[in-house]
Amino acid sequence: MPHQAPDLLGQALLDYQHGHHAATLTVQCSAAEDEQLPAAYFFRTLLAMPELERQALDECRGRVLDLGAGAGCHSLELQSRDFQDVRAVDHSTGAVQVMQARGVRQVAQHDIFAPRSAEERPYDTVLMLMNGLGLAGTLEGLDKFLVHARTLLAPDGQLLATSSDISYLYQDEDGALVFNLNGPYYGEVTYTFQYKDQTGEPFPWLFIDATLLEDAARAAGYEVDFLGDDENGQYLVRLTVVGGFEPGI
């Protein structure tokens, strides 16, 4: 039998869904100190969401694909606004079970690179929040995803996503940035989840600065509009395919 990594995020979300509201993941990051991530964060309501997330939800239109949907808080908010066609996707089995239990009407389990099925119509909005572009993992993965996303979008469709510039983690005492110029891009980090007595498999995550994202998106044929940012270096971006959807890319 092949080794299967434990779904620690899904376990924490299921525990919270079942009433264990103190469920908390420990997040180990190659670029920062360990952090505690309460499962409750994935269940937040509109008023508890950061301003950039609320802004992104206000920008949604038409058929929506919510990638990396977690416990479905954004999909549920859109459903409450009478969006009739919202599809929530996550790689985590537990997350999918939680979304189904919470009333997300369309839920699927797969990763962000899964092809759109033949019967699945393209989307007017692809939504990637909570530093959602990080799901691409690396700069190479982002280039691959930007090409793939064009096959998901309808004519005049939009990709709404958040990411962050984490260069501040590499500042010395004088405020100068200190990078290993011979190493990987500073925004390519590795995460590991710990939950209860289990440790998950390390996985890559990407934090991409706005300038580099704009270059990559324009090279992939997108128009780029930055819609907002916050004091933590996080930003919201809208990517629109120049000339509309091109099937078969």
# chains A, B, ... in the order shown; residues from 1 in each chain; ligands from 1
>>> residues_around(residues="region 69-72 of chain A", least_positions_apart="3", cutoff="10 Å", atoms="only C-alpha atoms", output="PyMOL selection string")
chain A and resi 9-10+13-14+17+39-44+65-66+75-78+87-92+94-104+107-108+127-130+132
>>> write_last_selection(atoms="C-alpha atoms", output="PDB file, in the first residue's frame")
ATOM      1  CA  LEU A   9      -5.994  20.185   8.320  1.00  0.00           C
ATOM      2  CA  GLY A  10      -9.066  18.091   7.586  1.00  0.00           C
ATOM      3  CA  LEU A  13     -11.668  21.139  10.713  1.00  0.00           C
ATOM      4  CA  LEU A  14     -13.752  18.030  11.397  1.00  0.00           C
ATOM      5  CA  GLN A  17     -17.260  20.999  13.175  1.00  0.00           C
ATOM      6  CA  ALA A  39      -9.412  25.759  13.209  1.00  0.00           C
ATOM      7  CA  ALA A  40     -11.960  28.454  14.080  1.00  0.00           C
ATOM      8  CA  TYR A  41     -10.216  30.771  11.594  1.00  0.00           C
ATOM      9  CA  PHE A  42     -11.579  28.687   8.714  1.00  0.00           C
ATOM     10  CA  PHE A  43     -15.134  29.057  10.017  1.00  0.00           C
ATOM     11  CA  ARG A  44     -15.207  32.841  10.304  1.00  0.00           C
ATOM     12  CA  LEU A  65     -14.895  28.542  -8.470  1.00  0.00           C
ATOM     13  CA  ASP A  66     -13.553  28.777  -4.902  1.00  0.00           C
ATOM     14  CA  SER A  75     -18.612  29.933  -0.639  1.00  0.00           C
ATOM     15  CA  LEU A  76     -21.254  30.050   2.088  1.00  0.00           C
ATOM     16  CA  GLU A  77     -21.138  33.850   2.141  1.00  0.00           C
ATOM     17  CA  LEU A  78     -21.620  33.952  -1.635  1.00  0.00           C
ATOM     18  CA  ARG A  87     -18.247  25.395  -6.657  1.00  0.00           C
ATOM     19  CA  ALA A  88     -15.882  24.894  -3.715  1.00  0.00           C
ATOM     20  CA  VAL A  89     -12.738  22.816  -4.169  1.00  0.00           C
ATOM     21  CA  ASP A  90     -10.141  21.597  -1.694  1.00  0.00           C
ATOM     22  CA  HIS A  91      -7.477  18.901  -1.688  1.00  0.00           C
ATOM     23  CA  SER A  92      -8.342  17.905   1.909  1.00  0.00           C
ATOM     24  CA  GLY A  94     -11.827  16.415   5.807  1.00  0.00           C
ATOM     25  CA  ALA A  95     -12.362  19.914   4.444  1.00  0.00           C
ATOM     26  CA  VAL A  96     -14.678  18.529   1.764  1.00  0.00           C
ATOM     27  CA  GLN A  97     -16.686  16.633   4.382  1.00  0.00           C
ATOM     28  CA  VAL A  98     -16.978  19.761   6.515  1.00  0.00           C
ATOM     29  CA  MET A  99     -18.152  21.889   3.576  1.00  0.00           C
ATOM     30  CA  GLN A 100     -20.781  19.317   2.673  1.00  0.00           C
ATOM     31  CA  ALA A 101     -22.002  19.239   6.289  1.00  0.00           C
ATOM     32  CA  ARG A 102     -22.142  23.046   6.416  1.00  0.00           C
ATOM     33  CA  GLY A 103     -24.337  23.319   3.350  1.00  0.00           C
ATOM     34  CA  VAL A 104     -21.979  24.237   0.520  1.00  0.00           C
ATOM     35  CA  VAL A 107     -18.099  20.593  -3.408  1.00  0.00           C
ATOM     36  CA  ALA A 108     -15.258  18.699  -5.062  1.00  0.00           C
ATOM     37  CA  LEU A 127     -11.461  32.879  -6.163  1.00  0.00           C
ATOM     38  CA  MET A 128      -8.225  32.169  -4.262  1.00  0.00           C
ATOM     39  CA  LEU A 129      -8.234  33.793  -0.823  1.00  0.00           C
ATOM     40  CA  MET A 130      -6.232  33.325   2.401  1.00  0.00           C
ATOM     41  CA  GLY A 132      -4.540  31.594  -2.097  1.00  0.00           C
TER      42      GLY A 132
END
>>> closest_atom_pairs(of="region 118-218 of chain A", to="region 33-38 of chain A", cutoff="10 Å", atoms="only C-alpha atoms", output="Markdown table")
| residue | atom | partner | partner_atom | distance |
| --- | --- | --- | --- | --- |
| A:Tyr191 | CA | A:Asp34 | CA | 9.7 |
| A:Thr192 | CA | A:Asp34 | CA | 9.6 |
| A:Phe193 | CA | A:Leu37 | CA | 9.5 |
| A:Gln194 | CA | A:Gln36 | CA | 9.6 |
>>> residues_around(residues="Ala216 (chain A)", least_positions_apart="5", cutoff="10 Å", atoms="only C-alpha atoms", output="PyMOL selection string")
chain A and resi 139+142-143+146+210-211+221-222
>>> write_last_selection(atoms="C-alpha atoms", output="PDB file, in the first residue's frame")
ATOM      1  CA  LEU A 139       7.407  30.289  -8.994  1.00  0.00           C
ATOM      2  CA  LEU A 142       2.665  29.682 -10.438  1.00  0.00           C
ATOM      3  CA  ASP A 143       3.624  29.952 -14.108  1.00  0.00           C
ATOM      4  CA  LEU A 146      -1.553  30.847 -14.621  1.00  0.00           C
ATOM      5  CA  ALA A 210       3.374  42.225  -6.352  1.00  0.00           C
ATOM      6  CA  THR A 211       6.006  43.207  -8.910  1.00  0.00           C
ATOM      7  CA  GLY A 221      -1.490  36.958 -21.074  1.00  0.00           C
ATOM      8  CA  TYR A 222      -3.392  38.613 -18.236  1.00  0.00           C
TER       9      TYR A 222
END
>>> atom_distance(atom1="CA of Ala219 (chain A)", atom2="CA of Gln55 (chain A)")
26.1 Å
>>> atom_distance(atom1="CA of Glu140 (chain A)", atom2="CA of Tyr235 (chain A)")
20.7 Å
>>> atom_distance(atom1="CA of Ser163 (chain A)", atom2="CA of Glu201 (chain A)")
22.7 Å
>>> residues_around(residues="Asp229 (chain A)", least_positions_apart="3", cutoff="10 Å", atoms="only C-alpha atoms", output="PyMOL selection string")
chain A and resi 51-52+162-164+226+232-237
>>> select_by_dssp(residues="region 1-144 of chain A", states="strand (DSSP E or B)", output="PyMOL selection string")
chain A and resi 24-29+32-38+64-67+86-90+106-109+123-128
>>> write_last_selection(atoms="N, CA and C atoms", output="short mmCIF file (atom, residue, chain, number, x, y, z; two decimals), in the first residue's frame")
data_model
loop_
_atom_site.label_atom_id
_atom_site.label_comp_id
_atom_site.auth_asym_id
_atom_site.auth_seq_id
_atom_site.Cartn_x
_atom_site.Cartn_y
_atom_site.Cartn_z
N THR A 24 -6.63 23.27 17.27
CA THR A 24 -5.62 24.21 16.78
C THR A 24 -4.47 23.44 16.16
N LEU A 25 -4.06 23.87 14.97
CA LEU A 25 -2.89 23.33 14.29
C LEU A 25 -1.65 24.12 14.69
N THR A 26 -0.52 23.45 14.75
CA THR A 26 0.77 24.13 14.82
C THR A 26 1.35 24.16 13.41
N VAL A 27 1.73 25.34 12.95
CA VAL A 27 2.26 25.51 11.60
C VAL A 27 3.75 25.81 11.69
N GLN A 28 4.56 24.91 11.17
CA GLN A 28 6.00 25.12 11.09
C GLN A 28 6.32 25.68 9.71
N CYS A 29 7.13 26.74 9.68
CA CYS A 29 7.46 27.41 8.42
C CYS A 29 8.98 27.55 8.32
N ALA A 32 10.02 31.29 9.21
CA ALA A 32 9.54 32.01 10.39
C ALA A 32 9.38 31.05 11.56
N GLU A 33 9.05 31.62 12.71
CA GLU A 33 8.80 30.81 13.90
C GLU A 33 7.49 30.04 13.76
N ASP A 34 7.35 28.98 14.56
CA ASP A 34 6.11 28.22 14.58
C ASP A 34 4.95 29.13 14.96
N GLU A 35 3.80 28.86 14.39
CA GLU A 35 2.60 29.63 14.72
C GLU A 35 1.45 28.68 15.03
N GLN A 36 0.51 29.17 15.84
CA GLN A 36 -0.70 28.42 16.13
C GLN A 36 -1.82 28.88 15.19
N LEU A 37 -2.49 27.93 14.57
CA LEU A 37 -3.56 28.24 13.63
C LEU A 37 -4.85 27.60 14.12
N PRO A 38 -5.71 28.36 14.80
CA PRO A 38 -6.98 27.80 15.28
C PRO A 38 -7.87 27.37 14.11
N VAL A 64 -18.81 30.95 -9.88
CA VAL A 64 -17.62 31.14 -9.05
C VAL A 64 -17.00 29.78 -8.73
N LEU A 65 -15.68 29.70 -8.90
CA LEU A 65 -14.90 28.54 -8.47
C LEU A 65 -14.02 28.99 -7.31
N ASP A 66 -14.27 28.43 -6.13
CA ASP A 66 -13.55 28.78 -4.90
C ASP A 66 -12.47 27.73 -4.68
N LEU A 67 -11.22 28.06 -5.02
CA LEU A 67 -10.12 27.11 -4.93
C LEU A 67 -9.44 27.20 -3.57
N VAL A 86 -21.89 28.25 -7.24
CA VAL A 86 -20.60 28.38 -6.56
C VAL A 86 -20.06 26.97 -6.31
N ARG A 87 -18.88 26.71 -6.82
CA ARG A 87 -18.25 25.39 -6.66
C ARG A 87 -17.02 25.56 -5.77
N ALA A 88 -16.98 24.82 -4.67
CA ALA A 88 -15.88 24.89 -3.71
C ALA A 88 -15.00 23.67 -3.85
N VAL A 89 -13.69 23.90 -3.93
CA VAL A 89 -12.74 22.82 -4.17
C VAL A 89 -11.64 22.85 -3.11
N ASP A 90 -11.29 21.69 -2.59
CA ASP A 90 -10.14 21.60 -1.69
C ASP A 90 -9.52 20.22 -1.85
N GLN A 106 -22.10 22.84 -3.91
CA GLN A 106 -21.25 22.13 -4.87
C GLN A 106 -19.84 22.03 -4.29
N VAL A 107 -19.40 20.82 -4.02
CA VAL A 107 -18.10 20.59 -3.41
C VAL A 107 -17.37 19.51 -4.20
N ALA A 108 -16.07 19.71 -4.39
CA ALA A 108 -15.26 18.70 -5.06
C ALA A 108 -13.91 18.61 -4.37
N GLN A 109 -13.31 17.41 -4.41
CA GLN A 109 -11.99 17.19 -3.84
C GLN A 109 -10.99 16.99 -4.96
N TYR A 123 -15.79 29.40 -15.73
CA TYR A 123 -16.20 30.23 -14.61
C TYR A 123 -15.99 31.71 -14.90
N ASP A 124 -16.90 32.51 -14.35
CA ASP A 124 -16.76 33.96 -14.46
C ASP A 124 -15.77 34.50 -13.43
N THR A 125 -15.66 33.80 -12.29
CA THR A 125 -14.74 34.19 -11.23
C THR A 125 -14.06 32.97 -10.66
N VAL A 126 -12.74 32.99 -10.61
CA VAL A 126 -11.97 32.01 -9.84
C VAL A 126 -11.44 32.75 -8.62
N LEU A 127 -11.75 32.21 -7.43
CA LEU A 127 -11.46 32.88 -6.16
C LEU A 127 -10.39 32.10 -5.42
N MET A 128 -9.32 32.81 -5.01
CA MET A 128 -8.23 32.17 -4.26
C MET A 128 -7.82 33.09 -3.11
#
>>> closest_residue(among="A:Ala12, A:Leu46, A:Ala118, A:Leu153", to="Arg63 (chain A)", atoms="only C-alpha atoms")
A:Leu153
>>> select_by_dssp(residues="region 26-150 of chain A", states="helix (DSSP H, G or I)", output="tab-separated table (two decimals) with C-alpha atoms, in the first residue's frame")
chain	number	residue	atom	x	y	z
A	39	ALA	CA	-9.41	25.76	13.21
A	40	ALA	CA	-11.96	28.45	14.08
A	41	TYR	CA	-10.22	30.77	11.59
A	42	PHE	CA	-11.58	28.69	8.71
A	43	PHE	CA	-15.13	29.06	10.02
A	46	LEU	CA	-18.15	37.96	7.01
A	47	LEU	CA	-17.64	40.40	9.89
A	48	ALA	CA	-14.54	38.49	11.05
A	51	GLU	CA	-11.06	43.78	4.59
A	52	LEU	CA	-9.33	42.36	1.50
A	53	GLU	CA	-11.43	39.20	1.68
A	54	ARG	CA	-14.64	41.20	2.02
A	55	GLN	CA	-13.57	43.31	-0.94
A	56	ALA	CA	-12.87	40.19	-3.02
A	57	LEU	CA	-16.31	38.79	-2.24
A	58	ASP	CA	-17.89	42.08	-3.35
A	59	GLU	CA	-16.01	41.76	-6.66
A	73	CYS	CA	-16.66	30.29	4.60
A	74	HIS	CA	-16.35	32.27	1.35
A	75	SER	CA	-18.61	29.93	-0.64
A	76	LEU	CA	-21.25	30.05	2.09
A	77	GLU	CA	-21.14	33.85	2.14
A	78	LEU	CA	-21.62	33.95	-1.64
A	79	GLN	CA	-24.53	31.50	-1.37
A	80	SER	CA	-26.10	33.79	1.22
A	93	THR	CA	-10.83	15.07	2.39
A	94	GLY	CA	-11.83	16.42	5.81
A	95	ALA	CA	-12.36	19.91	4.44
A	96	VAL	CA	-14.68	18.53	1.76
A	97	GLN	CA	-16.69	16.63	4.38
A	98	VAL	CA	-16.98	19.76	6.51
A	99	MET	CA	-18.15	21.89	3.58
A	100	GLN	CA	-20.78	19.32	2.67
A	101	ALA	CA	-22.00	19.24	6.29
A	102	ARG	CA	-22.14	23.05	6.42
A	132	GLY	CA	-4.54	31.59	-2.10
A	133	LEU	CA	-1.83	31.97	-4.72
A	134	GLY	CA	0.37	30.08	-2.28
A	135	LEU	CA	-1.27	26.87	-3.47
A	136	ALA	CA	0.90	27.09	-6.58
A	139	LEU	CA	7.41	30.29	-8.99
A	140	GLU	CA	7.46	27.48	-11.53
A	141	GLY	CA	4.17	26.21	-10.17
A	142	LEU	CA	2.66	29.68	-10.44
A	143	ASP	CA	3.62	29.95	-14.11
A	144	LYS	CA	2.01	26.55	-14.68
A	145	PHE	CA	-1.12	27.54	-12.79
A	146	LEU	CA	-1.55	30.85	-14.62
A	147	VAL	CA	-1.63	28.95	-17.91
A	148	HIS	CA	-4.02	26.38	-16.45
A	149	ALA	CA	-6.35	29.05	-15.01
A	150	ARG	CA	-7.03	30.38	-18.50
>>> residues_around(residues="Arg218 (chain A)", least_positions_apart="4", cutoff="10 Å", atoms="only C-alpha atoms", output="PyMOL selection string")
chain A and resi 146+213-214+222-224+239-242
>>> closest_residue(among="A:Pro6, A:Pro204, A:Gly68, A:Gly187", to="Tyr168 (chain A)", atoms="only C-alpha atoms")
A:Gly187
